[in-house]
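The data block below is input.pdb; it holds PDB, C-alpha atoms and all ligand atoms.
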```
MODEL        1
ATOM      1  CA  MET A   1       6.135   8.984  10.621  1.00  0.00           C
ATOM      2  CA  LEU A   2       7.479   8.605  14.116  1.00  0.00           C
ATOM      3  CA  LYS A   3      10.388   6.186  14.416  1.00  0.00           C
ATOM      4  CA  ILE A   4      10.159   4.069  17.498  1.00  0.00           C
ATOM      5  CA  ASN A   5      11.584   0.741  18.529  1.00  0.00           C
ATOM      6  CA  VAL A   6      10.915  -1.727  21.304  1.00  0.00           C
ATOM      7  CA  GLY A   7      12.695  -0.444  24.406  1.00  0.00           C
ATOM      8  CA  ASP A   8      12.333   3.247  23.577  1.00  0.00           C
ATOM      9  CA  VAL A   9      11.100   5.492  26.352  1.00  0.00           C
ATOM     10  CA  VAL A  10       8.514   8.093  25.427  1.00  0.00           C
ATOM     11  CA  LYS A  11       6.703  10.946  27.085  1.00  0.00           C
ATOM     12  CA  LEU A  12       2.979  11.163  26.386  1.00  0.00           C
ATOM     13  CA  ARG A  13       0.691  14.186  26.463  1.00  0.00           C
ATOM     14  CA  LYS A  14      -1.723  12.445  28.781  1.00  0.00           C
ATOM     15  CA  MET A  15      -0.725  11.501  32.287  1.00  0.00           C
ATOM     16  CA  HIS A  16      -1.506   8.025  33.597  1.00  0.00           C
ATOM     17  CA  PRO A  17      -3.653   7.942  36.766  1.00  0.00           C
ATOM     18  CA  CYS A  18      -0.531   6.881  38.698  1.00  0.00           C
ATOM     19  CA  GLY A  19       1.015  10.288  37.949  1.00  0.00           C
ATOM     20  CA  SER A  20       3.608   9.223  35.373  1.00  0.00           C
ATOM     21  CA  ASN A  21       3.625  10.198  31.719  1.00  0.00           C
ATOM     22  CA  ILE A  22       6.739   8.208  30.878  1.00  0.00           C
ATOM     23  CA  TRP A  23       6.152   4.952  29.032  1.00  0.00           C
ATOM     24  CA  GLU A  24       8.310   2.242  27.536  1.00  0.00           C
ATOM     25  CA  ILE A  25       7.611   0.701  24.133  1.00  0.00           C
ATOM     26  CA  THR A  26       7.021  -3.036  24.457  1.00  0.00           C
ATOM     27  CA  ARG A  27       5.719  -3.725  20.964  1.00  0.00           C
ATOM     28  CA  THR A  28       5.563  -1.939  17.619  1.00  0.00           C
ATOM     29  CA  GLY A  29       3.404  -2.453  14.553  1.00  0.00           C
ATOM     30  CA  ILE A  30      -0.184  -1.489  13.772  1.00  0.00           C
ATOM     31  CA  ASP A  31      -0.712  -1.363  17.517  1.00  0.00           C
ATOM     32  CA  ILE A  32       1.852  -0.003  19.910  1.00  0.00           C
ATOM     33  CA  GLY A  33       2.422  -1.756  23.230  1.00  0.00           C
ATOM     34  CA  LEU A  34       3.281   0.539  26.114  1.00  0.00           C
ATOM     35  CA  LYS A  35       4.329  -0.065  29.698  1.00  0.00           C
ATOM     36  CA  CYS A  36       3.944   2.677  32.266  1.00  0.00           C
ATOM     37  CA  ARG A  37       7.199   3.484  34.032  1.00  0.00           C
ATOM     38  CA  GLY A  38       5.333   4.630  37.090  1.00  0.00           C
ATOM     39  CA  CYS A  39       3.253   1.564  37.874  1.00  0.00           C
ATOM     40  CA  GLY A  40       4.123  -1.057  35.261  1.00  0.00           C
ATOM     41  CA  HIS A  41       0.631  -1.030  33.728  1.00  0.00           C
ATOM     42  CA  ARG A  42       0.592  -2.282  30.117  1.00  0.00           C
ATOM     43  CA  VAL A  43      -1.651  -1.029  27.326  1.00  0.00           C
ATOM     44  CA  MET A  44      -1.981  -1.464  23.565  1.00  0.00           C
ATOM     45  CA  ILE A  45      -3.055   1.499  21.474  1.00  0.00           C
ATOM     46  CA  PRO A  46      -3.391   1.951  17.707  1.00  0.00           C
ATOM     47  CA  ARG A  47      -0.339   3.559  16.114  1.00  0.00           C
ATOM     48  CA  THR A  48      -2.392   6.503  14.808  1.00  0.00           C
ATOM     49  CA  LYS A  49      -3.515   7.292  18.335  1.00  0.00           C
ATOM     50  CA  PHE A  50      -0.002   6.831  19.682  1.00  0.00           C
ATOM     51  CA  GLU A  51       1.369   9.383  17.235  1.00  0.00           C
ATOM     52  CA  ARG A  52      -1.178  11.916  18.476  1.00  0.00           C
ATOM     53  CA  VAL A  53      -0.437  11.414  22.159  1.00  0.00           C
ATOM     54  CA  CYS A  54       3.338  11.004  21.926  1.00  0.00           C
ATOM     55  CA  LYS A  55       5.035  14.210  23.014  1.00  0.00           C
ATOM     56  CA  GLN A  56       8.681  13.201  22.938  1.00  0.00           C
ATOM     57  CA  VAL A  57      10.918  10.194  22.481  1.00  0.00           C
ATOM     58  CA  ILE A  58      13.264  10.419  25.445  1.00  0.00           C
ATOM     59  CA  GLY A  59      15.649   7.578  24.766  1.00  0.00           C
ATOM     60  CA  THR A  60      16.280   3.881  24.646  1.00  0.00           C
ATOM     61  CA  VAL A  61      16.472   1.417  27.502  1.00  0.00           C
ATOM     62  CA  GLU A  62      19.572  -0.739  27.537  1.00  0.00           C
TER      63      GLU A  62
HETATM   64 ZN    ZN B 101       0.959   4.213  35.573  1.00  0.00          ZN
ENDMDL
END
```
Please render this file's structure as C-alpha cells.
Amino acid sequence: MLKINVGDVVKLRKMHPCGSNIWEITRTGIDIGLKCRGCGHRVMIPRTKFERVCKQVIGTVE
C-alpha cells in the first residue's frame, strides 16, 4: 500500500487539462484529496483509483 501524507507532492499518470501532472495531497483516507500544482484545482478521488494513477511520490511540501 502506498504511503502518503498530507502535503506530499505526487506525479500522476494522467495530465490535468492545464498541462500539469504534479499534485499535492490535501487529504488522506478512503478518499484522497488532491490539489493541482499547475492551476490549484482540487479534486477528491477514491484511494484505489489514486493508487492506479499515482506514478511517483516526489516529496513533501514544507
Ligand atoms: Zn491543473
What does the list of residues within 9 Å of ligand ZN 101 (chain B) look like if you count only C-alpha atoms and all ligand atoms, written as JSON, numbers by chain?
{"A": [15, 16, 17, 18, 19, 20, 21, 22, 23, 35, 36, 37, 38, 39, 40, 41, 42]}
Selection result for the PyMOL selection byres (((chain A and resi 12) around 6) and not hetatm) on this file, as a PyMOL selection string
chain A and resi 11+13-14+21+53-55
Give me the box for segment 14-32 of chain A as lines of an AutoDock Vina configuration file, namely the centre and edge lengths in Å to one decimal of a box along x, y and z that holds every listed atom plus 6 Å on each side.
```
center_x = 2.3
center_y = 4.4
center_z = 26.2
size_x = 24.0
size_y = 28.2
size_z = 36.9
```
Go through A:Met44, A:Ile58, A:Phe50, A:Leu34 one by one, measure the shortest atom-to-atom distance of each to Val10 of chain A using only C-alpha atoms, and give the residue with the smallest value.
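Of the candidates, the smallest distance to Val10 of chain A is held by A:Ile58.
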Could you state the separation of atom CA of Pro46 of chain A and atom CA of Val9 of chain A in Å, given to one decimal place?
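If I compute the distance from atom CA of Pro46 of chain A to atom CA of Val9 of chain A, I get 17.2 Å.
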Applied to this file, what does the PyMOL selection byres (((chain A and resi 31) around 7) and not hetatm) return in terms of residues, put as a list in words?
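Applying the expression gives Thr28, Gly29, Ile30, Ile32, Gly33, Met44, Ile45, Pro46 and Arg47 of chain A.
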How many Å lie between atom CA of Val57 of chain A and atom CA of Val43 of chain A, rounded to one decimal?
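Going from atom CA of Val57 of chain A over to atom CA of Val43 of chain A covers 17.5 Å.
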I'd like the neighbourhood of Val6 of chain A as a compact mmCIF listing (two decimals) with C-alpha atoms, in the frame of the given file, where a residue qualifies if any of its atoms comes within 8 Å (using all atoms listed in the file), though same-chain residues fewer than 4 positions away should be ignored.
```txt
# COMPACT_ATOMS: atom_id res chain seq x y z
CA GLU A 24 8.31 2.24 27.54
CA ILE A 25 7.61 0.70 24.13
CA THR A 26 7.02 -3.04 24.46
CA ARG A 27 5.72 -3.72 20.96
CA THR A 28 5.56 -1.94 17.62
```
